[in-house]
Amino acid sequence: MRRTRAAAVTAVTVSMLAAATACGGGSADAEGSNKSPKEITYWASNQGPDIAADQATLGPELKKFEEQTGIKVKLEVVPWSDLLNRILAATASGQGPDVLNIGNTWSSSLQATGALLPWDAKNFEAIGGKDRFVESAIGSAGAKGQDPAAVPLYSMSYALYYNKKMFQEAGVEKPPATWDEMVTVGQKLSKDGKWALGAEGANLSNNIHQAFVFSQQHGAEFFDASGKPTFDSAANVDAVKQYVDLMATDKIIAPGNAEYDKNQSLQDFANGKTAMVLWQNAASSFKAQGMKEGDWGVAPAPVPAGGAPGTGKNVNSMVAGINLAVFKNTDNIDGSLKFVKFMTSDEEQKILNQTYGSIPPVKAAQTHPAFGTEDLTVLRNTLSTSAAPLPQVPEESQFETAVGTAVKELFADAAAGRPVTTESVKAKLTKAQQQMQK
């Protein structure tokens, strides 16, 4: 899912998911007024530096669609902090858009509500065919063995961004490839009021993404084969502790980062306060904050010592991305399918992904020279060799909230100087696991 750089996923309870039945949305807009057959509503997620930037990017493209089809698109860019709750409210009330963005990690949870249009062979054929899309992107669009609940729109992965000037000033020649190197290099960089690594301890999405990667690197899973949560296993406890210890013990993350939530780590990076940040497709955000090409470098996110990305359990990113979904009971299915076809066309994929610094999930669009930059080459290689999807379980959204909150509370302990121990980490993860079972 994109943008941990915005805000945390909001709380999702079992009762909310149960209420989000197949009544769907699309019969009216968010205010309840009827729409013309020649109009569709679209909820876009905040991909750019701010909502105004997204409106400026999408406006001309939606006008192009209207000129081609005669169908007007009523656009609303929804902040990440509101998006999931807005979607759940729409599925429960029947008052929602025709087409919407969803983070790909939510695909299974929202699929389980029954409110989204299944992308069967017929629907895929209407937009040019399923085989146009990268397999890993389709794999993050719904539960295994079911028709996808959405269509991939933007693909992303995590990488390690580093400030070249700060590295040069500290005498650090290259970015760390392992976590041991991260700590060693990080302690050289963390001085004179500056810090080595940025984090967003209050950002639940970012927390779960990093916890998932550390869990994979420790050979763990957050759910067993039957779908039962295993949050407080010994390996998961070690994984989460290793992440939080970057602040608590290793002292390479500023204590103030425990309260960061909305792109603040990117601001610190751009302002030269932090030398490194683990992020998804961050180049466009850096440019928006005044950095120039060449000010930063990009490398694969670190893996355990003795390994390389993609070997064994050396996963170094979750499969991130944004999907396009259609509410099942839209009163304009034809217009909605035409819109999805337009947004996933080769030409629009090149335009939109180039603007947002993401990778097209449409194979033909990836051949464009714009996607051969240093940044995107690292991200594309990560996606194809060393990224793994978050658990595709119906309770995935609740999992993000529960474990993301546990990590947030542990960062708060670290920032306050309270000990972060194996016992305290296990207690937080046990509490999160119990919340899943209520």
# chains A, B, ... in the order shown; residues from 1 in each chain; ligands from 1
>>> residues_around(residues="stretch 267-282 of chain A", least_positions_apart="2", cutoff="6 Å", atoms="only C-alpha atoms", output="list in words")
Ser157, Tyr158, Ala159, Leu160, Tyr161, Tyr162, Asn163, Lys194, Trp195, Ala196, Leu197, Gly198, Gln264, Ser265, Ser284, Ser285, Gly357 and Ser358 of chain A
>>> write_last_selection(atoms="N, CA and C atoms", output="mmCIF file, in the first residue's frame")
data_model
loop_
_atom_site.group_PDB
_atom_site.id
_atom_site.type_symbol
_atom_site.label_atom_id
_atom_site.label_comp_id
_atom_site.auth_asym_id
_atom_site.auth_seq_id
_atom_site.Cartn_x
_atom_site.Cartn_y
_atom_site.Cartn_z
ATOM 1 N N SER A 157 7.664 -0.185 -4.042
ATOM 2 C CA SER A 157 8.368 -0.991 -3.059
ATOM 3 C C SER A 157 9.203 -0.062 -2.204
ATOM 4 N N TYR A 158 9.724 -0.604 -1.129
ATOM 5 C CA TYR A 158 10.599 0.165 -0.251
ATOM 6 C C TYR A 158 12.040 0.110 -0.738
ATOM 7 N N ALA A 159 12.765 1.185 -0.447
ATOM 8 C CA ALA A 159 14.201 1.245 -0.696
ATOM 9 C C ALA A 159 14.826 2.101 0.392
ATOM 10 N N LEU A 160 16.142 2.088 0.456
ATOM 11 C CA LEU A 160 16.886 2.927 1.396
ATOM 12 C C LEU A 160 17.383 4.160 0.649
ATOM 13 N N TYR A 161 16.856 5.311 1.005
ATOM 14 C CA TYR A 161 17.310 6.583 0.433
ATOM 15 C C TYR A 161 18.358 7.182 1.367
ATOM 16 N N TYR A 162 19.424 7.716 0.797
ATOM 17 C CA TYR A 162 20.476 8.294 1.639
ATOM 18 C C TYR A 162 20.943 9.629 1.084
ATOM 19 N N ASN A 163 21.305 10.521 1.986
ATOM 20 C CA ASN A 163 21.742 11.862 1.660
ATOM 21 C C ASN A 163 23.236 11.832 1.348
ATOM 22 N N LYS A 194 22.092 15.706 14.423
ATOM 23 C CA LYS A 194 21.584 15.014 13.243
ATOM 24 C C LYS A 194 21.510 13.518 13.530
ATOM 25 N N TRP A 195 20.670 12.848 12.759
ATOM 26 C CA TRP A 195 20.413 11.433 13.021
ATOM 27 C C TRP A 195 20.569 10.623 11.742
ATOM 28 N N ALA A 196 20.836 9.337 11.936
ATOM 29 C CA ALA A 196 21.128 8.476 10.791
ATOM 30 C C ALA A 196 19.886 8.075 10.024
ATOM 31 N N LEU A 197 18.861 7.622 10.741
ATOM 32 C CA LEU A 197 17.715 6.988 10.081
ATOM 33 C C LEU A 197 16.422 7.630 10.540
ATOM 34 N N GLY A 198 15.549 7.935 9.595
ATOM 35 C CA GLY A 198 14.234 8.458 9.918
ATOM 36 C C GLY A 198 13.215 7.351 10.067
ATOM 37 N N GLN A 264 6.741 13.428 8.063
ATOM 38 C CA GLN A 264 7.733 14.244 8.756
ATOM 39 C C GLN A 264 9.144 13.698 8.587
ATOM 40 N N SER A 265 9.275 12.390 8.456
ATOM 41 C CA SER A 265 10.607 11.827 8.247
ATOM 42 C C SER A 265 11.162 12.232 6.889
ATOM 43 N N SER A 284 9.626 11.846 -5.822
ATOM 44 C CA SER A 284 8.764 12.990 -6.117
ATOM 45 C C SER A 284 8.556 13.853 -4.882
ATOM 46 N N SER A 285 8.488 13.234 -3.710
ATOM 47 C CA SER A 285 8.339 14.009 -2.476
ATOM 48 C C SER A 285 9.592 14.817 -2.170
ATOM 49 N N GLY A 357 6.310 8.905 -9.539
ATOM 50 C CA GLY A 357 7.539 8.197 -9.209
ATOM 51 C C GLY A 357 7.311 6.750 -8.842
ATOM 52 N N SER A 358 6.209 6.183 -9.324
ATOM 53 C CA SER A 358 5.900 4.779 -9.060
ATOM 54 C C SER A 358 6.180 3.952 -10.308
#
>>> select_by_dssp(residues="stretch 185-371 of chain A", states="helix (DSSP H, G or I)", output="ChimeraX atom specification")
/A:185-189,204-217,234-248,255-259,264-270,283-288,333-343,346-356,363-367,369-371
>>> select_by_dssp(residues="stretch 160-214 of chain A", states="strand (DSSP E or B)", output="ChimeraX atom specification")
/A:160-163,178,195-198
>>> residues_around(residues="A:Lys363", least_positions_apart="4", cutoff="6 Å", atoms="only C-alpha atoms", output="mmCIF file with all heavy atoms, in the first residue's frame")
data_model
loop_
_atom_site.group_PDB
_atom_site.id
_atom_site.type_symbol
_atom_site.label_atom_id
_atom_site.label_comp_id
_atom_site.auth_asym_id
_atom_site.auth_seq_id
_atom_site.Cartn_x
_atom_site.Cartn_y
_atom_site.Cartn_z
ATOM 1 N N ARG A 132 -2.081 -8.368 -19.177
ATOM 2 C CA ARG A 132 -1.358 -7.106 -19.351
ATOM 3 C C ARG A 132 -0.623 -6.699 -18.072
ATOM 4 O O ARG A 132 0.287 -5.872 -18.096
ATOM 5 C CB ARG A 132 -2.329 -5.968 -19.725
ATOM 6 C CG ARG A 132 -3.039 -6.151 -21.051
ATOM 7 C CD ARG A 132 -3.996 -4.999 -21.311
ATOM 8 N NE ARG A 132 -3.292 -3.715 -21.340
ATOM 9 C CZ ARG A 132 -3.527 -2.713 -20.482
ATOM 10 N NH1 ARG A 132 -4.443 -2.855 -19.528
ATOM 11 N NH2 ARG A 132 -2.851 -1.591 -20.580
ATOM 12 N N PHE A 133 -1.043 -7.261 -16.932
ATOM 13 C CA PHE A 133 -0.544 -6.821 -15.634
ATOM 14 C C PHE A 133 0.551 -7.742 -15.095
ATOM 15 O O PHE A 133 0.553 -8.955 -15.337
ATOM 16 C CB PHE A 133 -1.692 -6.758 -14.621
ATOM 17 C CG PHE A 133 -2.756 -5.761 -14.983
ATOM 18 C CD1 PHE A 133 -3.831 -6.134 -15.787
ATOM 19 C CD2 PHE A 133 -2.690 -4.450 -14.548
ATOM 20 C CE1 PHE A 133 -4.812 -5.223 -16.131
ATOM 21 C CE2 PHE A 133 -3.656 -3.523 -14.892
ATOM 22 C CZ PHE A 133 -4.726 -3.908 -15.690
ATOM 23 N N VAL A 134 1.469 -7.154 -14.348
ATOM 24 C CA VAL A 134 2.532 -7.916 -13.695
ATOM 25 C C VAL A 134 1.907 -8.884 -12.691
ATOM 26 O O VAL A 134 0.994 -8.518 -11.933
ATOM 27 C CB VAL A 134 3.514 -6.961 -12.984
ATOM 28 C CG1 VAL A 134 4.549 -7.738 -12.189
ATOM 29 C CG2 VAL A 134 4.181 -6.032 -13.998
#
>>> residues_around(residues="A:Pro176", least_positions_apart="2", cutoff="9 Å", atoms="only C-alpha atoms", output="PyMOL selection string")
chain A and resi 160+174+178-186+299+301-302
>>> write_last_selection(atoms="N, CA and C atoms", output="compact mmCIF listing (two decimals), in the first residue's frame")
# COMPACT_ATOMS: atom_id res chain seq x y z
N LEU A 160 16.14 2.09 0.46
CA LEU A 160 16.89 2.93 1.40
C LEU A 160 17.38 4.16 0.65
N LYS A 174 29.56 4.23 1.38
CA LYS A 174 28.45 3.57 0.68
C LYS A 174 27.33 3.28 1.66
N THR A 178 23.47 -4.32 5.16
CA THR A 178 22.95 -5.21 6.21
C THR A 178 22.57 -4.36 7.42
N TRP A 179 21.82 -4.97 8.34
CA TRP A 179 21.44 -4.24 9.55
C TRP A 179 22.63 -4.00 10.46
N ASP A 180 23.58 -4.91 10.49
CA ASP A 180 24.80 -4.66 11.27
C ASP A 180 25.52 -3.43 10.74
N GLU A 181 25.63 -3.33 9.42
CA GLU A 181 26.25 -2.15 8.82
C GLU A 181 25.43 -0.90 9.10
N MET A 182 24.10 -1.03 9.10
CA MET A 182 23.24 0.11 9.39
C MET A 182 23.56 0.69 10.76
N VAL A 183 23.73 -0.17 11.74
CA VAL A 183 24.02 0.31 13.10
C VAL A 183 25.40 0.96 13.15
N THR A 184 26.40 0.32 12.54
CA THR A 184 27.76 0.87 12.56
C THR A 184 27.82 2.22 11.84
N VAL A 185 27.29 2.26 10.63
CA VAL A 185 27.26 3.51 9.86
C VAL A 185 26.38 4.54 10.56
N GLY A 186 25.27 4.07 11.09
CA GLY A 186 24.32 4.97 11.73
C GLY A 186 24.89 5.70 12.91
N ALA A 299 19.34 2.69 -2.57
CA ALA A 299 19.90 1.34 -2.50
C ALA A 299 18.84 0.40 -1.97
N ALA A 301 16.87 -1.90 0.54
CA ALA A 301 16.77 -1.87 1.99
C ALA A 301 17.64 -2.98 2.58
N PRO A 302 18.19 -2.77 3.78
CA PRO A 302 19.11 -3.76 4.37
C PRO A 302 18.47 -5.12 4.62
>>> atom_distance(atom1="atom CA of A:Gly96", atom2="atom CA of A:Lys64")
23.6 Å
>>> atom_distance(atom1="atom CA of A:Gln434", atom2="atom CA of A:Leu84")
22.3 Å
>>> closest_residue(among="A:Lys164, A:Leu83, A:Gly335, A:Lys350", to="A:Pro369", atoms="only C-alpha atoms")
A:Lys350
>>> closest_residue(among="A:Leu116, A:Thr355, A:Asn263, A:Gly306", to="A:Gln289", atoms="only C-alpha atoms")
A:Asn263
